[in-house]
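**Q** Structure below; questions to follow.
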2 protein chains.
Amino acid sequence: MSDRLDWNDLRERRMTEPGAAETYEATRIAFELGQEVRHLREGHGWSQSELARAAGMTQSAVARFEAGGTVPTLPVLERLARALDRRLDVRFASNADAA
Amino acid sequence: MSDRLDWNDLRERRMTEPGAAETYEATRIAFELGQEVRHLREGHGWSQSELARAAGMTQSAVARFEAGGTVPTLPVLERLARALDRRLDVRFASNADAA
DNA sequence: CCAACTCATAGCATCGATGCTATGGGTTGG
DNA sequence: CCAACCCATAGCATCGATGCTATGAGTTGG
């Protein structure tokens, strides 16, 4: 379920391009954030449409984001965080820090 | 020193627009990240040009970012983190968590 | 005084994320 | 079988971030 996306291909392609180590990372982060949002959303018992309304976006945008279809921008992450009653945390961690 | 920027005005304007709570937050985050990068960069004893080269961008881009001139994208943050020997950490923290 | 370096900015092209509308397939409940 | 909901995707317009080049002002060292 939800594994026949075109975006999976897109993402995979992006992550295997030559010399795209940073893009790879960003894409991976985007994917993980998408999964986390999906998790949080389901925890709230919300549909994509409901989250979308709460975050001031459309269902399609939520779907695209959850699927890792694009690398989200900070404003979007911020709105999602608010809707999900979280705080967006972005920082440069020491490489030694735990993941 | 470094306080006569046009971007300060731009940012301020962005942060005082009506109903721009999320944009405000994103702009604030961008500003803080910029300051942190500047701090880290100076800790390495690097000029903007040197960091730019290490991060695969130009000096003007670094200056723009450090000044909070734009809200950076994850790929850019990732590249800067790598150049500065850090790990980019993005997550949805519980509202109770410390800043 | 000049050369070399610093950082701040401008202007423009391009790329990519987002917003939007519209489907389509899947599932469920009547 | 149909209505109503779910989510995945497409296509397109727009906006904004980034890359680029080129200055300019300030500082420092010769």
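Just so we're on the same page: first chain in the structure tokens is A, next is B, and so on; residues restart at 1 for each chain, and ligands are numbered from 1 in the order they show up.
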For chain A, list the residues within 12 Å of chain B, counting only C-alpha atoms, and write the list as a ChimeraX atom specification.
**A** /A:19-37,39-40,55-56,70-99
**Q** Up to 9 Å from chain B, what residues of chain D turn up? Count only C-alpha atoms (C1' of nucleotides) and give them as an MDAnalysis selection string.
**A** chainID D and resid 16:20
**Q** One decimal, in Å: what's the spacing between atom C1' of C:DA3 and atom CA of B:Ala67?
**A** 28.0 Å
**Q** What gap, in Å, lies between atom C1' of D:DA10 and atom C1' of C:DG24?
**A**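 Separating atom C1' of D:DA10 from atom C1' of C:DG24 is a distance of 10.6 Å.
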